[in-house]
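Presented below is the structure to which this report refers.
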Amino acid sequence: MSKYRDLQEIFLDQIEVSQYIGLDTSILFYNKLLESIAKPLKMILLYGRPGTGKSVLLNKVYHDLKERDDIFMLATPVEEEREFLGRLYRFLTGVQDIPDNLTFTGFLEICNGIRQKRHITVLLDEAQLYPPALMEKIRLISDTRAIKFVVSLHKTEKEDLIAKEHFQSRIWETIELKNGTVNDIEVYVQKKLNQRNYFDVANMFTMKNFELIHRLTGGNYREVNKLIFTLFEIYEYYDTHRPSKISQRHIKNQFIEMAALKLGYIHA
Amino acid sequence: MHEIEELERRWKRYRFKKLLPRYAGIGMGVLIVGAVGYFYTQSTPSDISALPAPVLKPKEPSTPKESLKTVRKETIAKASDISKAPTPPSKPESTTKFEKVEKAPSPKPTMKAVRASKKVEAIETEHPRKKIVLNPDNAFLRRIAKDVRSQKPHHKISSRRGPVKEEKIALSKPKTKKSKKIEPARAERVKKRFSTRNIVTQDAGVQVVSTKTNRTLEHIIDRFNQTRDPKLALYVAQSFYKKREYKKAVRWSIVANSIEPSNEASWILYAKAKVKLGHRNEAIKALKIYLNQYVSRKVQTYLEYLESMP
């Protein structure tokens with residue numbers, strides 16, 4: 001199997017703790033989030049454009065804190081109120097069977113009962129997908145001060161509205177994740193390759209390559225993953241069919257541009 | 001397969017579109033320059049023909065101002081160079097207009113200078129319309145410079161006062177080995193002047209040191225210290241080589257090599273770094289040692305290349 005097949009897998013868009021790359025900015029956001037969680041806040045808003053690393057950051061925080069803290073994560077949104085309450089109830093009480101008569105008011109009472117005893121943090125990823133009514137209830141739960149919510153949102157106009165309407169008076173901390181700089185992209189790609197011991201491939205990338213990648217993707221990590229995945233797809237083809245066309249020393253900007261054409265970032 | 005070929009075609013189209021404005025700009029530039037050149041060549045002869053004919057007949061009142069000016073400038077420049085040499089004065093009777101101009105400064109022109117100016121005059125009168133005549137004659141200047149040099153003892157003070165003029169003479173001469181030999185002391189003096197100026201500006205300026213922080217390498221070195229993976233050591237060596245830190249590259253390639261001696265890459269990198277440090281023989285020796293134990297086409301090729309190097 002061509003090594004470029006292996007390389008493609010590195011840049012598959014997955015949300016895993018192992019995918020977390022310690023960049024200067026991401027380390028900063030990580031520390032800021034940990035500090036915010038340690039504060040007596042009701043809610044923390046984590047927002048940014050899609051592909052800026054919100055989910056990966058939440059996963060990393062959950063993975064690092066789950067052993068020592070009372071922390072619970074809902075990676076996928078739950079639309080039904082009952083199911084949402086049930087999952088929180090299971091986490092709070094440790095009881096698997098949800099009582100049939102569990103109501104929202106009943107859940108609030110449970111929360112009030114544990115307020116001074118436990119410090120619970122619930123991480124909600126993709127919170128923009130929660131229905132507004134449920135968001136309102138989340139707000140009320142946070143008012144009990146028994147549960148602290150870390151809400152991750154996409155940054156769009158609509159979602160800004162959600163943030164304003166539901167959390168404006170409650171959110172004490174907001175963290176905005178931004179796209180990476182050229183240096184961030186360089187470190188990101190090189191660390192990803194180095195993690196899998198592809199040092200020679202990491203060495204093939206030059207600063208000009210990273211500048212082009214940054215220009216094409218706008219520094220969005222998801223787009224970078226897609227672009228490099230496609231780049232290695234193209235390399236795999238050439239490696240198998242026309243090896244003389246590719247150099248083992250450098251990545252040609254031509255192939256990066258071809259990948260961008262394929263993904264529709266640029267047009268011929 | 002078809003998809004990639006299609007992609008290649010699209011890329012060529014994209015590239016062409018991307019470069020089109022650049023080529024168009026260059027084309028336009030060439031066109032403009034061409035057009036300007038064309039108009040210039042078309043207009044110049046007619047201008048010259050429009051000028052009244054023969055110019056430099058001495059004492060002729062109808063001499064056109066432009067050509068006279070240029071001739072004056074030339075003679076003044078030459079005379080100012082010559083005037084520094086305290087040779088016996090020539091007769092003041094040679095009374096062309098431009099000679100009168102050169103009379104104004106105190107020292108009088110030498111015989112040679114007068115002869116030279118007469119020469120110019122003769123050329124001017126023969127070919128009054130050709131501007132080429134007005135270009136400085138290097139041979140002429142060289143003769144003057146020789147004259148000046150032959151009377152060096154009288155010239156000492158002026159050389160101190162006006163180093164710029166001396167430089168001018170030196171510059172106007174053709175750059176031959178001979179000329180370099182003749183004036184080493186003077187060249188040194190001029191050099192000294194310039195070098196001291198440089199030092200002053202350097203001292204006066206603010207030194208800005210820019211550093212780039214990239215912790216990848218540190219991270220890898222840490223990982224290497226934990227794992228002792230030769231690939232990591234090789235990567236570090238390659239990184240140092242890229243950064244042109246060849247001594248470190250040599251050190252790390254030795255580290256990689258000591259863990260995995262069969263890896264040809266570390267030997268080649270070691271040799272490359274050694275070559276960069278100017279130790280080609282050591283590089284050749286190392287590659288030969290490797291080839292005594294292992295077979296590698298890459299190492300063989302690089303060794304042949306090193307041996308063929310002058």
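Each chain in the structure tokens gets a letter, A, B and so on, in the order shown; residues start at 1 in every chain, and ligands are counted from 1 in the order they appear.
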
With a cut-off of 6 Å, could you pull out the residues of chain B touching chain A and give me the nearest pair of atoms for each, distance in Å to one decimal, using only C-alpha atoms, ordered by chain and ascending number, as a tab-separated table?
```
residue	atom	partner	partner_atom	distance
B:Arg10	CA	A:Ala268	CA	5.6
B:Trp11	CA	A:Met258	CA	5.8
B:Arg13	CA	A:Ala268	CA	5.7
B:Tyr14	CA	A:Ala268	CA	4.1
```

Output N, CA and C atoms of each residue in that selection to a file, as a CSV table (one decimal), in the first residue's frame.
```
chain,number,residue,atom,x,y,z
B,10,ARG,N,-7.5,21.2,-15.8
B,10,ARG,CA,-8.1,22.4,-15.1
B,10,ARG,C,-7.1,23.3,-14.5
B,11,TRP,N,-6.1,22.6,-13.9
B,11,TRP,CA,-5.0,23.3,-13.2
B,11,TRP,C,-4.2,24.2,-14.3
B,13,ARG,N,-5.4,25.4,-17.0
B,13,ARG,CA,-6.3,26.5,-17.4
B,13,ARG,C,-6.2,27.6,-16.3
B,14,TYR,N,-6.2,27.1,-15.0
B,14,TYR,CA,-6.2,28.0,-13.9
B,14,TYR,C,-4.9,28.8,-13.8
```

Which polymer residues have any atom within 7 Å of an atom of stretch 204-216 of chain A, counting only C-alpha atoms, with same-chain residues fewer than 4 positions away left out, as a PyMOL selection string? chain A and resi 182+185-186+200+249-251+253+265

Output for the residues just chosen: N, CA and C atoms as a PDB file, in the first residue's frame:
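The result, written out as selection-v3.pdb:
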```
ATOM      1  N   VAL A 182      -0.559  31.416   9.560  1.00  0.00           N
ATOM      2  CA  VAL A 182       0.302  30.554   8.724  1.00  0.00           C
ATOM      3  C   VAL A 182       1.185  29.690   9.626  1.00  0.00           C
ATOM      4  N   ILE A 185      -0.771  26.872  11.111  1.00  0.00           N
ATOM      5  CA  ILE A 185      -1.017  25.803  10.127  1.00  0.00           C
ATOM      6  C   ILE A 185       0.248  24.974   9.939  1.00  0.00           C
ATOM      7  N   GLU A 186       1.377  25.657   9.912  1.00  0.00           N
ATOM      8  CA  GLU A 186       2.655  24.943   9.752  1.00  0.00           C
ATOM      9  C   GLU A 186       2.853  23.959  10.903  1.00  0.00           C
ATOM     10  N   ASP A 200       9.892  12.489   7.257  1.00  0.00           N
ATOM     11  CA  ASP A 200      10.352  12.828   5.905  1.00  0.00           C
ATOM     12  C   ASP A 200       9.284  13.620   5.158  1.00  0.00           C
ATOM     13  N   ARG A 249      11.210  15.105  -2.368  1.00  0.00           N
ATOM     14  CA  ARG A 249      11.860  16.090  -1.500  1.00  0.00           C
ATOM     15  C   ARG A 249      10.942  17.261  -1.169  1.00  0.00           C
ATOM     16  N   HIS A 250      10.141  17.654  -2.131  1.00  0.00           N
ATOM     17  CA  HIS A 250       9.296  18.828  -1.916  1.00  0.00           C
ATOM     18  C   HIS A 250       7.870  18.540  -2.349  1.00  0.00           C
ATOM     19  N   ILE A 251       6.975  19.289  -1.739  1.00  0.00           N
ATOM     20  CA  ILE A 251       5.580  19.258  -2.190  1.00  0.00           C
ATOM     21  C   ILE A 251       5.441  20.396  -3.197  1.00  0.00           C
ATOM     22  N   ASN A 253       3.590  23.173  -5.278  1.00  0.00           N
ATOM     23  CA  ASN A 253       2.376  23.980  -5.128  1.00  0.00           C
ATOM     24  C   ASN A 253       1.331  23.602  -6.171  1.00  0.00           C
ATOM     25  N   TYR A 265     -12.105  25.268  -3.923  1.00  0.00           N
ATOM     26  CA  TYR A 265     -11.612  26.483  -3.279  1.00  0.00           C
ATOM     27  C   TYR A 265     -11.228  27.527  -4.315  1.00  0.00           C
TER      28      TYR A 265
END
```

Non-local contacts of A:Lys148 (7 Å; only C-alpha atoms; under 3 positions in same chain excluded) as a list in words: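 After dropping sequence-adjacent residues, the list is Leu41, Lys42, Met43, Ile120, Thr121, Val122, Ser142 and Arg145 of chain A.
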
Please identify the alpha helix (DSSP H) residues within stretch 5-142 of chain A (assignment by DSSP from backbone atoms) and present them as a PyMOL selection string. chain A and resi 5-10+24-38+54-65+81-93+104-114+132-142

Between atom CA of A:Phe229 and atom CA of A:Ile10, what distance in Å does the model show, to one decimal? 8.0 Å

Go through A:Asp239, A:Thr230, A:Ala75, A:Glu126 one by one, measure the shortest atom-to-atom distance of each to B:Leu7 using only C-alpha atoms, and give the residue with the smallest value.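 Result for the nearest residue to B:Leu7: A:Thr230.
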
Nearest-residue call for A:Tyr221, choices A:Glu16, A:Glu236, A:Asp184, A:Asp69, using only C-alpha atoms: A:Asp184

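Atom CA of A:Gly51 lies 23.2 Å from atom CA of A:Leu65.
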